[in-house]
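> To be precise about what I am sending: the file is called run04.cif and holds mmCIF, C-alpha atoms.
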```cif
data_model
#
loop_
_atom_site.label_atom_id
_atom_site.label_comp_id
_atom_site.auth_asym_id
_atom_site.auth_seq_id
_atom_site.Cartn_x
_atom_site.Cartn_y
_atom_site.Cartn_z
CA MET A 1 -58.27 -16.46 -46.14
CA VAL A 2 -57.46 -14.74 -42.87
CA ASN A 3 -53.97 -13.28 -42.66
CA TYR A 4 -53.10 -13.91 -39.00
CA LYS A 5 -49.79 -12.06 -39.30
CA VAL A 6 -51.60 -8.90 -40.38
CA MET A 7 -54.12 -9.39 -37.59
CA ARG A 8 -51.34 -9.69 -35.05
CA TYR A 9 -49.72 -6.47 -36.23
CA CYS A 10 -53.08 -4.71 -36.17
CA LEU A 11 -53.68 -5.91 -32.64
CA VAL A 12 -50.27 -4.66 -31.47
CA PHE A 13 -50.92 -1.33 -33.17
CA PHE A 14 -54.31 -0.81 -31.61
CA LEU A 15 -53.19 -1.87 -28.14
CA SER A 16 -50.20 0.44 -28.35
CA ALA A 17 -52.42 3.30 -29.40
CA LEU A 18 -54.76 2.42 -26.59
CA LEU A 19 -52.04 2.49 -23.91
CA LEU A 20 -50.43 5.68 -25.21
CA GLY A 21 -53.43 7.77 -26.13
CA CYS A 22 -56.44 6.45 -24.23
CA GLY A 23 -55.59 6.71 -20.58
CA THR A 24 -59.21 6.62 -19.49
CA PHE A 25 -60.27 3.75 -21.71
CA GLY A 26 -59.32 1.02 -19.25
CA SER A 27 -61.86 2.18 -16.73
CA ARG A 28 -64.57 1.94 -19.42
CA LEU A 29 -63.39 -1.34 -20.94
CA LEU A 30 -63.01 -3.31 -17.71
CA PRO A 31 -66.21 -4.15 -15.80
CA LYS A 32 -66.70 -2.00 -12.75
CA ASN A 33 -66.68 -4.77 -10.17
CA HIS A 34 -65.70 -2.66 -7.17
CA GLN A 35 -69.35 -2.04 -6.31
CA ALA A 36 -70.23 -5.73 -6.71
CA PHE A 37 -67.40 -6.76 -4.36
CA ASN A 38 -68.46 -4.10 -1.87
CA ILE A 39 -72.06 -5.35 -1.84
CA ALA A 40 -70.98 -8.99 -1.59
CA ALA A 41 -68.60 -8.31 1.33
CA SER A 42 -71.23 -6.31 3.22
CA GLN A 43 -73.82 -9.04 2.69
CA SER A 44 -71.33 -11.67 3.83
CA TYR A 45 -70.76 -9.93 7.18
CA ASP A 46 -74.50 -9.34 7.70
CA GLU A 47 -75.26 -13.01 7.08
CA GLN A 48 -72.42 -14.12 9.35
CA LEU A 49 -73.75 -12.06 12.25
CA LEU A 50 -77.31 -13.27 11.74
CA LEU A 51 -76.11 -16.88 11.45
CA ASN A 52 -74.24 -16.60 14.76
CA ILE A 53 -77.27 -15.04 16.45
CA VAL A 54 -79.38 -18.01 15.31
CA ARG A 55 -76.64 -20.44 16.40
CA LEU A 56 -76.60 -18.98 19.90
CA HIS A 57 -80.39 -19.24 20.02
CA TYR A 58 -79.89 -23.01 19.73
CA VAL A 59 -76.80 -22.96 21.99
CA ASP A 60 -74.64 -23.92 19.01
CA ARG A 61 -71.06 -22.75 18.78
CA PRO A 62 -70.52 -19.40 17.02
CA PHE A 63 -67.75 -18.97 14.48
CA PHE A 64 -66.35 -15.86 12.83
CA LEU A 65 -64.48 -15.23 9.60
CA LYS A 66 -62.86 -12.02 8.44
CA ILE A 67 -62.27 -11.09 4.81
CA SER A 68 -58.52 -10.55 4.66
CA SER A 69 -58.16 -9.77 0.94
CA ILE A 70 -60.01 -9.57 -2.38
CA ASN A 71 -57.90 -10.05 -5.50
CA SER A 72 -58.65 -10.23 -9.20
CA GLN A 73 -56.53 -11.47 -12.08
CA PHE A 74 -57.25 -10.13 -15.55
CA SER A 75 -56.40 -11.57 -18.96
CA ILE A 76 -56.86 -10.14 -22.46
CA SER A 77 -56.69 -12.15 -25.70
CA PRO A 78 -57.82 -11.73 -29.35
CA SER A 79 -61.37 -12.76 -30.10
CA LEU A 80 -62.13 -15.38 -32.77
CA ASN A 81 -64.38 -13.04 -34.71
CA MET A 82 -61.65 -10.56 -35.70
CA GLN A 83 -62.76 -8.46 -38.66
CA ALA A 84 -60.95 -6.02 -40.95
CA GLY A 85 -62.04 -2.58 -39.92
CA PHE A 86 -64.45 -1.77 -37.13
CA LYS A 87 -67.80 -0.22 -36.41
CA GLU A 88 -68.27 2.29 -33.64
CA GLU A 89 -70.50 0.73 -31.00
CA SER A 90 -71.22 3.76 -28.91
CA ALA A 91 -71.05 7.50 -29.20
CA ASN A 92 -69.11 7.54 -25.94
CA LEU A 93 -66.28 5.39 -27.35
CA SER A 94 -63.53 6.40 -29.71
CA PRO A 95 -63.04 4.27 -32.83
CA ILE A 96 -60.04 2.53 -31.29
CA GLU A 97 -61.97 1.81 -28.10
CA ALA A 98 -64.93 0.48 -30.06
CA PHE A 99 -62.67 -1.80 -32.09
CA VAL A 100 -60.94 -3.21 -29.00
CA ARG A 101 -64.24 -3.71 -27.19
CA LYS A 102 -65.56 -5.69 -30.14
CA ASN A 103 -62.47 -7.75 -30.94
CA ILE A 104 -60.68 -8.32 -27.65
CA ARG A 105 -61.70 -11.05 -25.23
CA TYR A 106 -61.55 -10.04 -21.57
CA ALA A 107 -61.51 -12.47 -18.62
CA GLU A 108 -61.39 -11.94 -14.86
CA THR A 109 -60.70 -14.43 -12.03
CA PRO A 110 -61.54 -12.94 -8.61
CA THR A 111 -60.52 -14.64 -5.36
CA ILE A 112 -61.52 -13.86 -1.78
CA SER A 113 -59.39 -14.84 1.22
CA TYR A 114 -61.01 -15.46 4.61
CA THR A 115 -59.20 -15.55 7.94
CA PRO A 116 -60.81 -17.38 10.90
CA LEU A 117 -61.01 -15.16 13.97
CA GLN A 118 -59.89 -17.32 16.86
CA GLY A 119 -57.13 -17.65 19.42
CA SER A 120 -56.73 -16.04 22.81
CA ALA A 121 -56.64 -12.42 21.61
CA PHE A 122 -59.98 -12.55 19.79
CA THR A 123 -61.58 -14.71 22.50
CA LEU A 124 -60.63 -12.21 25.20
CA GLN A 125 -61.97 -9.35 23.11
CA VAL A 126 -65.40 -10.91 22.64
CA LEU A 127 -65.57 -11.84 26.34
CA GLU A 128 -64.41 -8.45 27.69
CA PRO A 129 -67.20 -5.95 28.48
CA MET A 130 -67.58 -2.99 26.16
CA SER A 131 -66.01 0.22 27.45
CA VAL A 132 -67.59 3.58 28.22
CA SER A 133 -65.26 5.03 25.59
CA GLN A 134 -66.79 2.79 22.93
CA ILE A 135 -70.31 3.63 24.08
CA TYR A 136 -69.57 7.34 23.94
CA THR A 137 -68.05 7.00 20.46
CA LEU A 138 -71.22 5.31 19.19
CA ILE A 139 -73.48 7.97 20.72
CA ARG A 140 -71.32 10.82 19.46
CA SER A 141 -71.40 9.34 15.95
CA GLY A 142 -75.20 9.66 15.92
CA TRP A 143 -76.57 6.41 17.34
CA SER A 144 -79.61 6.71 19.58
CA ILE A 145 -78.66 6.48 23.23
CA ALA A 146 -81.71 4.28 23.81
CA ARG A 147 -80.57 1.73 21.21
CA VAL A 148 -76.94 1.80 22.40
CA LEU A 149 -77.89 1.32 26.06
CA ARG A 150 -80.44 -1.41 25.40
CA VAL A 151 -78.02 -3.40 23.23
CA CYS A 152 -74.76 -2.78 25.09
CA ALA A 153 -75.67 -2.21 28.76
CA GLN A 154 -76.92 -4.89 31.14
CA GLN A 155 -77.40 -2.73 34.24
CA ILE A 156 -77.44 0.92 35.34
CA GLU A 157 -77.30 1.20 39.13
CA HIS A 158 -80.16 -1.10 40.21
CA LEU A 159 -81.96 -1.00 36.82
CA GLU A 160 -81.48 -4.41 35.21
CA ASN A 161 -81.65 -4.96 31.47
CA ALA A 162 -82.33 -8.71 31.49
CA LEU A 163 -79.10 -9.76 33.18
CA ASN A 164 -79.70 -13.42 32.38
CA ALA A 165 -79.91 -12.62 28.65
CA ASN A 166 -76.10 -12.70 28.57
CA ARG A 167 -76.04 -16.49 28.68
CA PRO A 168 -77.66 -19.23 26.59
CA PHE A 169 -80.74 -19.92 28.68
CA SER A 170 -82.30 -19.09 32.00
CA LYS A 171 -85.39 -20.43 33.69
CA HIS A 172 -85.79 -17.16 35.60
CA VAL A 173 -87.96 -14.32 34.31
CA PRO A 174 -85.73 -11.25 33.85
CA GLN A 175 -86.19 -7.69 35.11
CA TYR A 176 -86.09 -5.21 32.24
CA GLN A 177 -89.02 -2.76 32.04
CA ASP A 178 -87.61 0.04 34.24
CA PHE A 179 -84.33 -0.05 32.31
CA ILE A 180 -86.18 0.27 28.99
CA ASP A 181 -88.24 3.15 30.36
CA PHE A 182 -85.06 4.92 31.51
CA ALA A 183 -83.26 4.44 28.17
CA HIS A 184 -86.15 5.73 26.06
CA TYR A 185 -86.94 8.62 28.39
CA LEU A 186 -83.28 9.64 28.18
CA ARG A 187 -83.62 9.57 24.40
CA TYR A 188 -86.73 11.78 24.68
CA LEU A 189 -84.81 14.31 26.80
CA GLU A 190 -81.93 14.29 24.33
CA ARG A 191 -84.19 14.90 21.32
CA ASN A 192 -85.77 17.85 23.10
CA ARG A 193 -82.36 19.23 24.14
CA LEU A 194 -83.13 18.84 27.81
CA VAL A 195 -79.96 16.83 28.38
CA SER A 196 -76.54 16.83 26.73
CA ILE A 197 -74.30 13.77 26.64
CA SER A 198 -70.54 14.12 26.83
CA ALA A 199 -67.54 12.43 28.44
CA ARG A 200 -65.47 13.30 31.50
CA ARG A 201 -62.31 11.73 32.83
CA VAL A 202 -62.23 11.00 36.57
CA LYS A 203 -59.20 9.28 38.14
CA LYS A 204 -57.97 8.28 34.68
CA LYS A 205 -61.31 6.63 33.89
CA LEU A 206 -63.67 7.88 31.20
CA LEU A 207 -67.24 8.45 32.38
CA LEU A 208 -70.42 9.27 30.48
CA GLU A 209 -71.70 12.68 31.58
CA LEU A 210 -75.40 13.53 31.49
CA SER A 211 -75.85 17.30 31.90
CA PHE A 212 -79.49 18.30 32.35
CA LYS A 213 -80.76 21.67 31.18
CA HIS A 214 -82.46 22.28 34.51
CA TYR A 215 -82.30 19.40 36.97
CA THR A 216 -82.99 15.70 36.70
CA PRO A 217 -86.70 15.27 35.89
CA PRO A 218 -88.87 13.56 38.54
CA LYS A 219 -89.06 10.40 36.41
CA ILE A 220 -85.26 10.05 36.35
CA VAL A 221 -85.09 10.74 40.10
CA LYS A 222 -87.65 8.02 40.72
CA LEU A 223 -86.13 5.44 38.38
CA LEU A 224 -82.59 5.88 39.72
CA HIS A 225 -83.69 6.33 43.36
CA LEU A 226 -81.79 9.61 43.61
CA LYS A 227 -81.85 11.36 46.99
CA GLN A 228 -82.45 14.69 45.29
CA PRO A 229 -82.51 16.20 41.78
CA GLN A 230 -79.08 16.78 40.30
CA LYS A 231 -77.72 18.94 37.52
CA VAL A 232 -75.20 16.33 36.37
CA ILE A 233 -75.13 12.54 36.49
CA LEU A 234 -72.03 10.52 35.67
CA LEU A 235 -72.16 6.92 34.44
CA GLY A 236 -69.00 4.94 35.10
CA GLN A 237 -67.70 1.38 35.19
CA GLY A 238 -66.33 0.18 38.51
CA HIS A 239 -66.49 1.72 41.96
CA PHE A 240 -66.37 5.47 42.69
CA ASP A 241 -66.65 7.19 46.08
CA ARG A 242 -68.87 9.93 44.66
CA ASP A 243 -72.59 10.54 45.02
CA ASP A 244 -72.89 11.85 41.47
CA VAL A 245 -71.50 8.67 39.83
CA ILE A 246 -73.97 6.00 38.81
CA SER A 247 -72.63 2.50 38.16
CA ILE A 248 -73.06 1.09 34.66
CA ARG A 249 -72.32 -2.50 33.65
CA LEU A 250 -71.78 -3.16 29.96
CA ARG A 251 -72.16 -6.37 28.01
CA SER A 252 -69.40 -8.17 26.18
CA PHE A 253 -69.76 -8.68 22.43
CA ILE A 254 -70.73 -12.33 22.92
CA GLY A 255 -73.18 -11.18 25.62
CA ILE A 256 -74.74 -8.80 23.09
CA LEU A 257 -75.16 -11.68 20.63
CA TYR A 258 -76.79 -13.83 23.33
CA TYR A 259 -79.12 -10.95 24.19
CA LEU A 260 -80.12 -10.51 20.54
CA SER A 261 -80.51 -14.29 20.10
CA LYS A 262 -83.59 -14.01 22.32
CA SER A 263 -85.28 -12.24 19.41
CA VAL A 264 -85.21 -15.33 17.17
CA ALA A 265 -88.64 -16.84 16.59
CA THR A 266 -88.67 -20.54 17.48
CA PRO A 267 -90.47 -23.10 15.27
CA PRO A 268 -93.05 -25.12 17.25
CA ASP A 269 -91.35 -28.35 16.21
CA ASP A 270 -88.12 -27.25 17.92
CA ILE A 271 -90.04 -26.42 21.07
CA LYS A 272 -91.76 -29.80 20.99
CA LYS A 273 -88.42 -31.61 20.59
CA ARG A 274 -86.89 -29.51 23.41
CA ARG A 275 -84.22 -27.98 21.24
CA ILE A 276 -85.00 -24.72 23.00
CA GLN A 277 -85.35 -24.23 26.74
CA LEU A 278 -88.28 -22.03 27.67
CA THR A 279 -88.53 -19.39 30.39
CA ARG A 280 -91.68 -19.50 32.51
CA TYR A 281 -93.25 -17.57 35.33
CA GLN A 282 -93.73 -19.34 38.66
CA ASN A 283 -97.34 -20.10 37.72
CA GLY A 284 -96.13 -21.95 34.62
CA LYS A 285 -97.10 -19.26 32.12
CA LEU A 286 -94.63 -18.88 29.25
CA PHE A 287 -92.45 -15.75 29.30
CA ASP A 288 -92.21 -13.88 25.98
CA TRP A 289 -88.65 -12.67 25.31
CA ASP A 290 -90.00 -10.38 22.61
CA ASN A 291 -90.92 -8.03 25.44
CA VAL A 292 -87.19 -7.65 26.20
CA THR A 293 -85.89 -7.24 22.63
CA LYS A 294 -88.93 -5.46 21.16
CA GLY A 295 -87.85 -2.56 18.97
CA MET A 296 -84.29 -3.86 18.77
CA LEU A 297 -84.40 -7.00 16.63
CA LYS A 298 -86.87 -9.54 15.30
CA VAL A 299 -85.76 -12.68 13.45
CA PHE A 300 -88.43 -14.70 11.64
CA TYR A 301 -88.26 -18.23 10.24
CA SER A 302 -89.69 -19.84 7.11
CA GLN A 303 -89.62 -23.22 5.40
CA LYS A 304 -89.39 -21.54 2.01
CA GLU A 305 -86.82 -18.96 1.02
CA PRO A 306 -88.28 -15.57 1.98
CA GLN A 307 -88.74 -12.99 -0.76
CA ASN A 308 -89.00 -9.91 1.46
CA ALA A 309 -85.82 -10.47 3.46
CA ASN A 310 -83.10 -7.92 4.07
CA ILE A 311 -80.76 -10.56 5.53
CA LYS A 312 -81.38 -14.30 5.40
CA VAL A 313 -79.51 -17.47 6.32
CA TYR A 314 -80.32 -21.15 5.92
CA TYR A 315 -79.78 -23.11 9.12
CA ARG A 316 -81.25 -26.29 10.64
CA ASN A 317 -83.32 -26.92 7.51
CA ARG A 318 -85.05 -23.54 7.74
CA TRP A 319 -84.62 -19.99 6.59
CA PHE A 320 -84.10 -17.36 9.28
CA TYR A 321 -84.41 -13.77 8.15
CA ILE A 322 -84.91 -10.11 8.96
CA SER A 323 -87.72 -8.42 7.08
CA ASP A 324 -86.72 -5.70 4.66
CA SER A 325 -89.51 -3.48 6.03
CA ASP A 326 -88.25 -3.80 9.64
CA GLN A 327 -86.24 -0.58 9.91
CA SER A 328 -85.49 -1.02 13.61
CA SER A 329 -83.96 -4.48 13.15
CA LYS A 330 -81.91 -3.22 10.20
CA GLN A 331 -80.54 -0.39 12.35
CA THR A 332 -79.58 -2.81 15.10
CA MET A 333 -77.76 -5.04 12.61
CA SER A 334 -75.88 -2.00 11.34
CA LEU A 335 -74.91 -1.15 14.92
CA LEU A 336 -73.86 -4.75 15.49
CA ASN A 337 -71.59 -4.61 12.43
CA GLN A 338 -69.79 -1.62 13.92
CA LEU A 339 -69.42 -3.40 17.25
CA PHE A 340 -68.04 -6.45 15.47
CA ALA A 341 -65.53 -4.27 13.62
CA LEU A 342 -64.27 -2.99 16.98
CA GLN A 343 -63.60 -6.60 18.02
CA ALA A 344 -62.22 -7.96 14.75
CA ASP A 345 -59.95 -5.22 13.43
CA ASP A 346 -57.37 -5.43 16.19
CA SER A 347 -57.44 -9.21 16.49
CA SER A 348 -54.77 -11.46 15.06
CA SER A 349 -55.72 -14.94 13.96
CA THR A 350 -53.73 -18.10 14.38
CA GLY A 351 -55.91 -20.04 11.95
CA PRO A 352 -55.33 -20.78 8.27
CA VAL A 353 -56.33 -18.46 5.46
CA LEU A 354 -59.14 -19.82 3.29
CA THR A 355 -58.98 -18.62 -0.31
CA LEU A 356 -62.00 -19.17 -2.55
CA PRO A 357 -62.08 -18.53 -6.30
CA LEU A 358 -65.31 -17.04 -7.59
#
```
Just give me the structure of the file as structure tokens.

Amino acid sequence: MVNYKVMRYCLVFFLSALLLGCGTFGSRLLPKNHQAFNIAASQSYDEQLLLNIVRLHYVDRPFFLKISSINSQFSISPSLNMQAGFKEESANLSPIEAFVRKNIRYAETPTISYTPLQGSAFTLQVLEPMSVSQIYTLIRSGWSIARVLRVCAQQIEHLENALNANRPFSKHVPQYQDFIDFAHYLRYLERNRLVSISARRVKKKLLLELSFKHYTPPKIVKLLHLKQPQKVILLGQGHFDRDDVISIRLRSFIGILYYLSKSVATPPDDIKKRRIQLTRYQNGKLFDWDNVTKGMLKVFYSQKEPQNANIKVYYRNRWFYISDSDQSSKQTMSLLNQLFALQADDSSSTGPVLTLPL
């Protein structure tokens, strides 16, 4: 016959010994869920961004949530299979730890709270163009200038980077090739240390400074229509009465999402049912937006759940995904996460907090 009073005293004894003499035991007894929460939160943000890109492809309304808190409640109670004595389960555990692991029941109830990002503050942030300061921060942190410019900039002087990609649809074929050539050639010069990229403040405005090792190469002179080669070129937002300042227009965050939404592959059935408006040349030939977003992002679709996906979402009765082998698309999504953090972290929400138990 089980003596529950003795068991209770034994339990108190062992727990007391545990708290007083085994300061590191808790970290070994409790499951290490920090990594699991980290992975789940990261995946949640990736899927949210991809979902909104697909939504904008269909001119559906985007919506954003921010994880405001992750909490866990723990409970410990005696197990039903209490035994007199114990058997050491692992060489890494002390006898007391082994006994508690075997005879104590552990339970955890995690909850995640989401806050909708909405209201005037967040709306203004996603509609406001990115700043030169943000662009410089991304480049200085190690991002390729070609990727940053192609994603974030819509025009440099007269070089257009698909201006009409900033809105849902356009029947007009965009101009883009010279801009792409400029961005990637600038990246080539940077890799070969023929140009250094820094920042300079002019009239209280921050400008991007391109300092060439010699002078601007002939290709840069031709692309930018420079009157003569220059040692330094400045890229700035707004108007400057200086010959060495080149105008740069940057996209807003929502404009960046619209631009990237052009990379979503469209199912033929959606084209047939006119769920997607197509862009055509004057002769009626279909324009391929992959030419604009090539090397930045490619979103595929599938009727069945893809097995080789890095990020996937289910929307409009289909799976949309980014291939796990597409390193370029994965880099762009990582960049997009950082851009989203710039918009979301300083935004206050007026919406309710949604708390979900797991």
> For stretch 100-203 of chain A versus stretch 209-227 of chain A, which residues have an atom no more than 9 Å away, and what is each residue's nearest atom pair and distance in Å rounded to one decimal, using only C-alpha atoms, chain-then-number order, as CSV?

```
residue,atom,partner,partner_atom,distance
A:Ile156,CA,A:Leu224,CA,8.4
A:Glu157,CA,A:Leu224,CA,7.1
A:His158,CA,A:Leu224,CA,7.4
A:Leu159,CA,A:Leu224,CA,7.5
A:Asp178,CA,A:Leu223,CA,7.0
A:Phe179,CA,A:Leu223,CA,8.4
A:Asp181,CA,A:Leu223,CA,8.6
A:Phe182,CA,A:Leu223,CA,7.0
A:Tyr185,CA,A:Ile220,CA,8.3
A:Leu186,CA,A:Ile220,CA,8.4
A:Leu189,CA,A:Phe212,CA,8.7
A:Arg193,CA,A:Lys213,CA,7.6
A:Leu194,CA,A:Lys213,CA,5.0
A:Val195,CA,A:Phe212,CA,4.3
A:Ser196,CA,A:Ser211,CA,5.2
A:Ile197,CA,A:Leu210,CA,5.0
A:Ser198,CA,A:Glu209,CA,5.1
A:Ala199,CA,A:Glu209,CA,5.2
A:Arg200,CA,A:Glu209,CA,6.3
```
> Atoms to include: C-alpha atoms. Write the selected residues as a compact mmCIF listing (two decimals), in the frame of the given file.

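Okay, this is what ended up in out_6.txt:
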```
# COMPACT_ATOMS: atom_id res chain seq x y z
CA ILE A 156 -77.44 0.92 35.34
CA GLU A 157 -77.30 1.20 39.13
CA HIS A 158 -80.16 -1.10 40.21
CA LEU A 159 -81.96 -1.00 36.82
CA ASP A 178 -87.61 0.04 34.24
CA PHE A 179 -84.33 -0.05 32.31
CA ASP A 181 -88.24 3.15 30.36
CA PHE A 182 -85.06 4.92 31.51
CA TYR A 185 -86.94 8.62 28.39
CA LEU A 186 -83.28 9.64 28.18
CA LEU A 189 -84.81 14.31 26.80
CA ARG A 193 -82.36 19.23 24.14
CA LEU A 194 -83.13 18.84 27.81
CA VAL A 195 -79.96 16.83 28.38
CA SER A 196 -76.54 16.83 26.73
CA ILE A 197 -74.30 13.77 26.64
CA SER A 198 -70.54 14.12 26.83
CA ALA A 199 -67.54 12.43 28.44
CA ARG A 200 -65.47 13.30 31.50
```
> Please, what distance in Å, to one decimal, runs between atom CA of A:Asn164 and atom CA of A:Arg249?
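So the two atoms, atom CA of A:Asn164 and atom CA of A:Arg249, lie 13.2 Å apart.
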> Work out how far atom CA of A:Leu208 is from atom CA of A:Ile139, in Å to one decimal.
10.3 Å
> Considering only C-alpha atoms, state which residue in the set A:Asp244, A:Thr332, A:Ser252, A:Asn52 is at the smallest distance from A:Thr123.
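Of the candidates, the smallest distance to A:Thr123 is held by A:Ser252.
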> Could you tell me which residues the PyMOL selection byres ((chain A and resi 342) around 12) returns for this structure, as a PyMOL selection string?
chain A and resi 122+125-126+130-131+133-135+137-138+252-253+335-341+343-347
> Can you write out the residues you just picked, keeping C-alpha atoms, as a compact mmCIF listing (two decimals), in the coordinates of the input?

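For reference, out13.txt as written:
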```
# COMPACT_ATOMS: atom_id res chain seq x y z
CA PHE A 122 -59.98 -12.55 19.79
CA GLN A 125 -61.97 -9.35 23.11
CA VAL A 126 -65.40 -10.91 22.64
CA MET A 130 -67.58 -2.99 26.16
CA SER A 131 -66.01 0.22 27.45
CA SER A 133 -65.26 5.03 25.59
CA GLN A 134 -66.79 2.79 22.93
CA ILE A 135 -70.31 3.63 24.08
CA THR A 137 -68.05 7.00 20.46
CA LEU A 138 -71.22 5.31 19.19
CA SER A 252 -69.40 -8.17 26.18
CA PHE A 253 -69.76 -8.68 22.43
CA LEU A 335 -74.91 -1.15 14.92
CA LEU A 336 -73.86 -4.75 15.49
CA ASN A 337 -71.59 -4.61 12.43
CA GLN A 338 -69.79 -1.62 13.92
CA LEU A 339 -69.42 -3.40 17.25
CA PHE A 340 -68.04 -6.45 15.47
CA ALA A 341 -65.53 -4.27 13.62
CA GLN A 343 -63.60 -6.60 18.02
CA ALA A 344 -62.22 -7.96 14.75
CA ASP A 345 -59.95 -5.22 13.43
CA ASP A 346 -57.37 -5.43 16.19
CA SER A 347 -57.44 -9.21 16.49
```
> Please determine, counting only C-alpha atoms, which residue among A:Ile254, A:Ala146, A:Ala40, A:Val151 has the shortest atom-to-atom distance to A:Phe63.
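Checking each candidate against A:Phe63, we get A:Ile254 as the closest.
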> Report, in Å to a single decimal, how far apart atom CA of A:Tyr176 and atom CA of A:Trp289 are.
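Atom CA of A:Tyr176 lies 10.5 Å from atom CA of A:Trp289.
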> I'd like to know which of A:Phe240, A:Phe64, A:Tyr281, A:Phe287 is closest to A:Leu117, using only C-alpha atoms.
A:Phe64
> Translate the PyMOL selection byres ((chain A and resi 263) around 10) into a concrete residue list for this structure, as a PyMOL selection string.
chain A and resi 53-54+57+258-262+264-266+288-294+296-300
> Point out the residue among A:Gly236, A:Asp324, A:Arg280, A:Lys312 with the least atom-to-atom distance to A:Lys171, counting only C-alpha atoms.
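Checking each of A:Gly236, A:Asp324, A:Arg280, A:Lys312 against A:Lys171, counting only C-alpha atoms, the winner is A:Arg280.
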> Find the residue from A:Gln282, A:Val245, A:Glu190, A:Leu49 that sits nearest to A:Gln230; use all atoms listed in the file when measuring.
A:Val245
> Using the chain letters and numbers from the file, give me the residues hit by the PyMOL selection byres ((chain A and resi 67) around 7), as a list in words.
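Output from the PyMOL selection byres ((chain A and resi 67) around 7), applied to this file: Leu65, Lys66, Ser68, Ser69, Ser113, Tyr114 and Thr115 of chain A.
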> For A:Lys205, which residue out of A:Leu235, A:Arg187, A:Ile180, A:Trp319 is the nearest one, using only C-alpha atoms?
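Nearest to A:Lys205: A:Leu235.
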> Would you kindly place N, CA and C atoms on stretch 266-280 of chain A and return the model as an mmCIF file, keeping the file's coordinate frame?

```cif
data_model
loop_
_atom_site.group_PDB
_atom_site.id
_atom_site.type_symbol
_atom_site.label_atom_id
_atom_site.label_comp_id
_atom_site.auth_asym_id
_atom_site.auth_seq_id
_atom_site.Cartn_x
_atom_site.Cartn_y
_atom_site.Cartn_z
ATOM 1 N N THR A 266 -88.958 -19.106 17.398
ATOM 2 C CA THR A 266 -88.670 -20.540 17.480
ATOM 3 C C THR A 266 -89.778 -21.359 16.829
ATOM 4 N N PRO A 267 -89.456 -22.221 15.873
ATOM 5 C CA PRO A 267 -90.470 -23.100 15.270
ATOM 6 C C PRO A 267 -91.087 -24.017 16.323
ATOM 7 N N PRO A 268 -92.384 -24.248 16.266
ATOM 8 C CA PRO A 268 -93.050 -25.120 17.250
ATOM 9 C C PRO A 268 -92.431 -26.504 17.336
ATOM 10 N N ASP A 269 -91.942 -27.022 16.205
ATOM 11 C CA ASP A 269 -91.350 -28.350 16.210
ATOM 12 C C ASP A 269 -90.088 -28.393 17.077
ATOM 13 N N ASP A 270 -89.311 -27.306 17.079
ATOM 14 C CA ASP A 270 -88.120 -27.250 17.920
ATOM 15 C C ASP A 270 -88.463 -27.146 19.396
ATOM 16 N N ILE A 271 -89.573 -26.491 19.675
ATOM 17 C CA ILE A 271 -90.040 -26.420 21.070
ATOM 18 C C ILE A 271 -90.511 -27.803 21.530
ATOM 19 N N LYS A 272 -91.239 -28.480 20.653
ATOM 20 C CA LYS A 272 -91.760 -29.800 20.990
ATOM 21 C C LYS A 272 -90.628 -30.790 21.235
ATOM 22 N N LYS A 273 -89.550 -30.690 20.447
ATOM 23 C CA LYS A 273 -88.420 -31.610 20.590
ATOM 24 C C LYS A 273 -87.383 -31.108 21.599
ATOM 25 N N ARG A 274 -87.723 -30.056 22.334
ATOM 26 C CA ARG A 274 -86.890 -29.510 23.410
ATOM 27 C C ARG A 274 -85.513 -29.068 22.937
ATOM 28 N N ARG A 275 -85.473 -28.557 21.727
ATOM 29 C CA ARG A 275 -84.220 -27.980 21.240
ATOM 30 C C ARG A 275 -83.990 -26.592 21.838
ATOM 31 N N ILE A 276 -85.054 -26.046 22.381
ATOM 32 C CA ILE A 276 -85.000 -24.720 23.000
ATOM 33 C C ILE A 276 -85.567 -24.827 24.412
ATOM 34 N N GLN A 277 -84.827 -24.256 25.369
ATOM 35 C CA GLN A 277 -85.350 -24.230 26.740
ATOM 36 C C GLN A 277 -86.189 -22.978 26.920
ATOM 37 N N LEU A 278 -87.340 -23.132 27.523
ATOM 38 C CA LEU A 278 -88.280 -22.030 27.670
ATOM 39 C C LEU A 278 -88.191 -21.416 29.060
ATOM 40 N N THR A 279 -88.489 -20.124 29.125
ATOM 41 C CA THR A 279 -88.530 -19.390 30.390
ATOM 42 C C THR A 279 -89.983 -19.221 30.801
ATOM 43 N N ARG A 280 -90.297 -19.565 32.042
ATOM 44 C CA ARG A 280 -91.680 -19.500 32.510
ATOM 45 C C ARG A 280 -91.773 -18.749 33.830
#
```
